[in-house]
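Undergrad: This structure is in structure tokens; I'll ask about it shortly.
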Amino acid sequence: MTADVAVLGAGMHPWGKWGRGFVEYGTAAARAALADAGLEWRDVGSIVGADTVRGGYPGYVAGATFAKALGWQGARVASVYAACASGAQAVNAARAQILSGLADVVLVVGADAAPKGFFRPAGGERHDDPDWLRFRVLGATNPTYFGLYARRRMALYGDTPEDFAQVKVKNAALGALNPYARYRKRVSAEEVAASAVVADPLRLLDICATSDGGAALVLSSMEFARRHGAADPVRIRAVSTVTPRYPNTVLDLPDIATDSAAAVPPPDETFRASIARAAYEEAGVGPEDLSLAEVYDLSTALELQWYEDLGLCGEGEGAKLLREGATALGGRIPVNASGGLASFGEAVPAQAIAQVCELTWQLRGDAGDRQVAGARVGLTANQGLFGHGSAVLAVR
Amino acid sequence: MSRTRTPVVTDWFTGDGDDFRLLGTRCSACASVFFPREDGHCRNPACGGGELAEVPLSRRGRVWSYTDSRYRPPSPYVTDPELPWEPYALIAVELESERIVVLGQAVPGITVADLTVGMEVEVVPGVLSEDAETTWTTWHWRPAGVTA
């Protein structure tokens, strides 16, 4: 087990399609997190930015971009990129600085301004870039991968499109209660079924949108938190940033093929399952200890996959867990009490940070109408393109 | 006017008709197979690294999963914006002897309604797109027993 770091502040800019730059969303979130922590930007010794690939050069050096926007004050700076897992990597970089004594207080910021429609690769002819190749050779958008996973679940486990729709119904009901969510309307199963098919068997309302948004956290050492008067802060106990093990036999974005298992047998667990296990091991807890989880529901079907990968139920039992109501608010283990990506849409570098913001509010008992009663232990999970695992375990 | 037939990616497939095959590489030390081809160094972390030699992949495999693309994909996928979008199916195919899953487009005319997980399919030569000078060639998956 590693030592804890304190979450002193959490802040977000509401998700939406606001038509402005990512810097504005990120600095608004940063200011909100600092106010929540009761700290001034001048008090921060280090800033870690989660990069966006959609903001030009300032997006690749997000830490410095946010530091300049907040006003240069000499803080140590880092910028990290790990696709959808960028936010968790930023949290982990901040945590490493705090645990090693390099910094007492670290501000973590991620923000994005997303395009309309499908994400697409960067320009140019890049035959050595799998992300470019999958678009050029196959036209394989992100939703087509989600469609492959969903169809595979239907064939293997008997999941149905109606099961998938119920994930959206659950998450939309929770998102309706979250002031930071982009979509704040309840959705019926009939509305999901009436929406257009994007990548069979998934429909528009099964697939998360791309959004503008920003999220930030103020992290500190436990000793600083005590001096600051935060006697019982939310604490980050584990951050998983694992990579796959060879051979990776699940077809992952943006790959055109899996590794071959002809010469080396596949590992006992999938990459996604290893993401949560690493966090559990580091924190010394298990799935039975969780009060809630925030998972990356890029599609409705993928949320069911995460239930199994987090060990909330056995393999193939995700839809059953959903049907029993266990993952709804008031259930045994509420999942995506925030409303999830279904209600937010994805603002890539902000999203994993936003997941930790939700854990923070839930563990403090500040989540309002979507509060998980008595929340003590929360887990976030996501997976970034190109082999980035990400999970954050927080306790109070 | 005759167009030049050019593979959309160099050295990923070869041959015509029944001789058409996807090309991967195999490590001489550990026998790991790679597709897309790995020509630098064996990626098995337990392998010291052998020679990587080109190897044709099995022609037939079984459907691991499938989906389709109901909306026009963005660039660099090449489409004619003047024409209405025609969805195509994508099939992920598990090759038994290589124990690898390879994604590809289905042959034109095959829709998701024609497919099931576990169905046998075979690789066939296909055309990705055409422009004034070039016919860009690729691989397609076709349900076994269906003739073009």
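In the structure tokens, each chain is lettered A, B, ... as it comes, each chain's residues begin at 1, and ligands are numbered from 1 in order of appearance.
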Can you pull out the residues contacting Ala92 (chain B)? Cut-off 8 Å, using only C-alpha atoms, and skip same-chain residues under 2 positions away; I want them as an NGL selection string.
TA: (:A and (148)) or (:B and (63-66 or 90 or 94 or 101-104))
Undergrad: Tell me which protein, DNA and RNA residues are within 8 Å of region 32-39 of chain B, counting only C-alpha atoms, leaving out same-chain ones fewer than 5 positions away, and put them as number ranges by chain.
TA: A: 256-264; B: 12, 23-27, 44, 52, 54, 98, 102
Undergrad: For the residues in that selection, give me C-alpha atoms as an mmCIF file, in the first residue's frame.
TA:
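Result file result-v1.cif:
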```
data_model
loop_
_atom_site.group_PDB
_atom_site.id
_atom_site.type_symbol
_atom_site.label_atom_id
_atom_site.label_comp_id
_atom_site.auth_asym_id
_atom_site.auth_seq_id
_atom_site.Cartn_x
_atom_site.Cartn_y
_atom_site.Cartn_z
ATOM 1 C CA ILE A 256 -6.784 -3.438 -36.592
ATOM 2 C CA ALA A 257 -5.865 -6.759 -34.985
ATOM 3 C CA THR A 258 -5.155 -8.285 -31.582
ATOM 4 C CA ASP A 259 -1.872 -9.765 -30.507
ATOM 5 C CA SER A 260 -1.498 -13.395 -31.514
ATOM 6 C CA ALA A 261 -1.773 -15.974 -28.733
ATOM 7 C CA ALA A 262 -0.252 -18.693 -30.919
ATOM 8 C CA ALA A 263 3.134 -18.745 -29.206
ATOM 9 C CA VAL A 264 2.327 -17.358 -25.751
ATOM 10 C CA TRP B 12 -0.174 -6.214 -45.845
ATOM 11 C CA LEU B 23 0.647 -11.054 -44.840
ATOM 12 C CA GLY B 24 2.023 -10.971 -41.338
ATOM 13 C CA THR B 25 5.420 -11.731 -39.880
ATOM 14 C CA ARG B 26 6.582 -14.532 -37.606
ATOM 15 C CA CYS B 27 9.444 -14.510 -35.112
ATOM 16 C CA ASN B 44 6.849 -10.891 -27.031
ATOM 17 C CA LEU B 52 10.948 -11.644 -38.367
ATOM 18 C CA GLU B 54 6.963 -12.675 -43.746
ATOM 19 C CA GLU B 98 -2.635 -17.813 -35.483
ATOM 20 C CA VAL B 102 -8.232 -9.323 -37.564
#
```
Undergrad: Can you list, as a PyMOL selection string, every protein, DNA or RNA residue that comes within 7 Å of region 371-387 of chain A when you count only C-alpha atoms, leaving out same-chain residues fewer than 3 positions away?
TA: chain A and resi 82-85+243-244+253-254+276+289-296+329-330+355-356+359+362-363+365+367-368+390-396
Undergrad: Select, from A:Leu322, A:Ala37, A:Leu133, A:Val234, the residue with the minimum atom-to-atom distance to chain B, counting only C-alpha atoms.
TA: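 The shortest atom-to-atom distance to chain B comes from A:Leu133.
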Undergrad: Using only C-alpha atoms, which residues sit within 6 Å of Val107 (chain B) once same-chain residues fewer than 5 positions away are excluded, as a list in words?
TA: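 Here the answer would be His140, Trp141 and Arg142 of chain B.
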Undergrad: I want to know what sits within 10 Å of Thr135 (chain B), based on only C-alpha atoms, with residues of the same chain fewer than 6 positions away left out; could you give that as a PyMOL selection string?
TA: chain B and resi 2-8+127-129
Undergrad: Residues of chain A that approach chain B to 9 Å or less, counting only C-alpha atoms: could you list each one with the shortest pair of atoms and its distance in Å to one decimal, rows by chain and increasing residue number, as JSON lines?
TA:
```
{"residue": "A:Gly117", "atom": "CA", "partner": "B:Pro74", "partner_atom": "CA", "distance": 8.9}
{"residue": "A:Phe118", "atom": "CA", "partner": "B:Pro74", "partner_atom": "CA", "distance": 7.0}
{"residue": "A:Phe119", "atom": "CA", "partner": "B:Pro74", "partner_atom": "CA", "distance": 8.2}
{"residue": "A:Arg120", "atom": "CA", "partner": "B:Pro74", "partner_atom": "CA", "distance": 6.4}
{"residue": "A:Pro121", "atom": "CA", "partner": "B:Pro76", "partner_atom": "CA", "distance": 8.0}
{"residue": "A:Gly123", "atom": "CA", "partner": "B:Pro76", "partner_atom": "CA", "distance": 7.9}
{"residue": "A:Gly124", "atom": "CA", "partner": "B:Pro76", "partner_atom": "CA", "distance": 8.6}
{"residue": "A:Glu125", "atom": "CA", "partner": "B:Pro76", "partner_atom": "CA", "distance": 8.4}
{"residue": "A:His127", "atom": "CA", "partner": "B:Val9", "partner_atom": "CA", "distance": 7.5}
{"residue": "A:Trp132", "atom": "CA", "partner": "B:Pro76", "partner_atom": "CA", "distance": 7.3}
{"residue": "A:Leu133", "atom": "CA", "partner": "B:Pro76", "partner_atom": "CA", "distance": 8.5}
{"residue": "A:Arg134", "atom": "CA", "partner": "B:Tyr77", "partner_atom": "CA", "distance": 8.7}
{"residue": "A:Phe135", "atom": "CA", "partner": "B:Tyr77", "partner_atom": "CA", "distance": 5.4}
{"residue": "A:Arg136", "atom": "CA", "partner": "B:Tyr77", "partner_atom": "CA", "distance": 4.4}
{"residue": "A:Val137", "atom": "CA", "partner": "B:Val8", "partner_atom": "CA", "distance": 6.7}
{"residue": "A:Leu138", "atom": "CA", "partner": "B:Gln105", "partner_atom": "CA", "distance": 6.4}
{"residue": "A:Gly139", "atom": "CA", "partner": "B:Tyr77", "partner_atom": "CA", "distance": 5.3}
{"residue": "A:Ala140", "atom": "CA", "partner": "B:Pro73", "partner_atom": "CA", "distance": 7.3}
{"residue": "A:Thr141", "atom": "CA", "partner": "B:Pro73", "partner_atom": "CA", "distance": 6.5}
{"residue": "A:Pro143", "atom": "CA", "partner": "B:Ser69", "partner_atom": "CA", "distance": 8.4}
{"residue": "A:Thr144", "atom": "CA", "partner": "B:Thr67", "partner_atom": "CA", "distance": 6.2}
{"residue": "A:Tyr145", "atom": "CA", "partner": "B:Thr67", "partner_atom": "CA", "distance": 8.0}
{"residue": "A:Phe146", "atom": "CA", "partner": "B:Thr67", "partner_atom": "CA", "distance": 8.8}
{"residue": "A:Gly147", "atom": "CA", "partner": "B:Thr67", "partner_atom": "CA", "distance": 5.5}
{"residue": "A:Leu148", "atom": "CA", "partner": "B:Tyr66", "partner_atom": "CA", "distance": 5.2}
{"residue": "A:Tyr149", "atom": "CA", "partner": "B:Ser65", "partner_atom": "CA", "distance": 7.3}
{"residue": "A:Ala150", "atom": "CA", "partner": "B:Ser65", "partner_atom": "CA", "distance": 8.7}
{"residue": "A:Arg151", "atom": "CA", "partner": "B:Ser65", "partner_atom": "CA", "distance": 6.1}
{"residue": "A:Arg152", "atom": "CA", "partner": "B:Ser65", "partner_atom": "CA", "distance": 5.3}
{"residue": "A:Ala155", "atom": "CA", "partner": "B:Val117", "partner_atom": "CA", "distance": 6.4}
{"residue": "A:Leu156", "atom": "CA", "partner": "B:Val117", "partner_atom": "CA", "distance": 8.8}
{"residue": "A:Ala196", "atom": "CA", "partner": "B:Arg70", "partner_atom": "CA", "distance": 8.9}
{"residue": "A:Val197", "atom": "CA", "partner": "B:Arg70", "partner_atom": "CA", "distance": 6.9}
{"residue": "A:Val198", "atom": "CA", "partner": "B:Arg70", "partner_atom": "CA", "distance": 5.3}
{"residue": "A:Ala199", "atom": "CA", "partner": "B:Asp68", "partner_atom": "CA", "distance": 5.0}
{"residue": "A:Asp200", "atom": "CA", "partner": "B:Thr67", "partner_atom": "CA", "distance": 5.0}
{"residue": "A:Pro201", "atom": "CA", "partner": "B:Thr67", "partner_atom": "CA", "distance": 7.0}
{"residue": "A:Leu202", "atom": "CA", "partner": "B:Thr67", "partner_atom": "CA", "distance": 8.9}
{"residue": "A:Arg245", "atom": "CA", "partner": "B:Pro45", "partner_atom": "CA", "distance": 8.9}
{"residue": "A:Tyr246", "atom": "CA", "partner": "B:Asn44", "partner_atom": "CA", "distance": 6.4}
{"residue": "A:Pro247", "atom": "CA", "partner": "B:Asn44", "partner_atom": "CA", "distance": 7.6}
{"residue": "A:Thr249", "atom": "CA", "partner": "B:Ile100", "partner_atom": "CA", "distance": 7.3}
{"residue": "A:Val250", "atom": "CA", "partner": "B:Val101", "partner_atom": "CA", "distance": 8.2}
{"residue": "A:Leu251", "atom": "CA", "partner": "B:Val101", "partner_atom": "CA", "distance": 7.1}
{"residue": "A:Asp255", "atom": "CA", "partner": "B:Leu103", "partner_atom": "CA", "distance": 8.6}
{"residue": "A:Ile256", "atom": "CA", "partner": "B:Leu103", "partner_atom": "CA", "distance": 5.3}
{"residue": "A:Ala257", "atom": "CA", "partner": "B:Val102", "partner_atom": "CA", "distance": 4.3}
{"residue": "A:Thr258", "atom": "CA", "partner": "B:Val101", "partner_atom": "CA", "distance": 5.3}
{"residue": "A:Asp259", "atom": "CA", "partner": "B:Ile100", "partner_atom": "CA", "distance": 6.1}
{"residue": "A:Ser260", "atom": "CA", "partner": "B:Ile100", "partner_atom": "CA", "distance": 4.4}
{"residue": "A:Ala261", "atom": "CA", "partner": "B:Arg99", "partner_atom": "CA", "distance": 5.1}
{"residue": "A:Ala262", "atom": "CA", "partner": "B:Arg99", "partner_atom": "CA", "distance": 5.2}
{"residue": "A:Ala263", "atom": "CA", "partner": "B:Ser32", "partner_atom": "CA", "distance": 5.0}
{"residue": "A:Val264", "atom": "CA", "partner": "B:Ser32", "partner_atom": "CA", "distance": 7.4}
```
Undergrad: Among region 174-279 of chain A, which ones does DSSP assign to alpha helix (DSSP H) (computed from the backbone)? Answer as a list in words.
TA: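 Taking region 174-279 of chain A and keeping alpha helix (DSSP H) gives Leu174, Gly175, Ala189, Glu190, Glu191, Val192, Ala193, Ala194, Met222, Glu223, Phe224, Ala225, Arg226, Arg227, Phe271, Arg272, Ala273, Ser274, Ile275, Ala276, Arg277, Ala278 and Ala279 of chain A.
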Undergrad: Go ahead and write the selection's residues with C-alpha atoms as a compact mmCIF listing (two decimals), in the first residue's frame.
TA:
```
# COMPACT_ATOMS: atom_id res chain seq x y z
CA LEU A 174 -28.91 10.48 -12.61
CA GLY A 175 -27.54 13.06 -15.05
CA ALA A 189 -36.19 2.95 -23.30
CA GLU A 190 -38.56 3.79 -26.14
CA GLU A 191 -36.55 6.91 -26.96
CA VAL A 192 -33.34 4.86 -27.09
CA ALA A 193 -35.01 2.29 -29.36
CA ALA A 194 -36.31 5.06 -31.64
CA MET A 222 -2.03 14.68 4.39
CA GLU A 223 0.21 16.83 6.58
CA PHE A 224 -0.57 19.97 4.59
CA ALA A 225 -4.28 19.11 4.79
CA ARG A 226 -4.09 18.92 8.57
CA ARG A 227 -2.25 22.26 8.80
CA PHE A 271 -6.39 -5.80 -19.70
CA ARG A 272 -9.55 -4.07 -18.47
CA ALA A 273 -9.85 -6.43 -15.49
CA SER A 274 -6.20 -5.78 -14.59
CA ILE A 275 -6.88 -2.04 -14.37
CA ALA A 276 -9.23 -2.36 -11.40
CA ARG A 277 -7.26 -5.18 -9.78
CA ALA A 278 -4.15 -3.03 -9.62
CA ALA A 279 -6.11 -0.31 -7.83
```
Undergrad: Output as JSON, numbers by chain all residues of region 85-127 of chain B that backbone DSSP marks as strand (DSSP E).
TA: {"B": [89, 90, 91, 92, 93, 94, 95, 100, 101, 102, 103, 104, 105, 106, 120, 121, 122, 123, 124, 125, 126, 127]}
Undergrad: Go ahead and compute the interatomic distance for CA of Tyr280 (chain A) and CA of Gly311 (chain A), in Å to one decimal.
TA: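 Spanning CA of Tyr280 (chain A) to CA of Gly311 (chain A) is a straight-line distance of 10.3 Å.
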Undergrad: Would you kindly return, as a PyMOL selection string, each protein, DNA or RNA residue with an atom no farther than 9 Å from any atom of Asp16 (chain B), considering only C-alpha atoms and excluding same-chain residues fewer than 4 positions away?
TA: chain B and resi 20-21+124-125
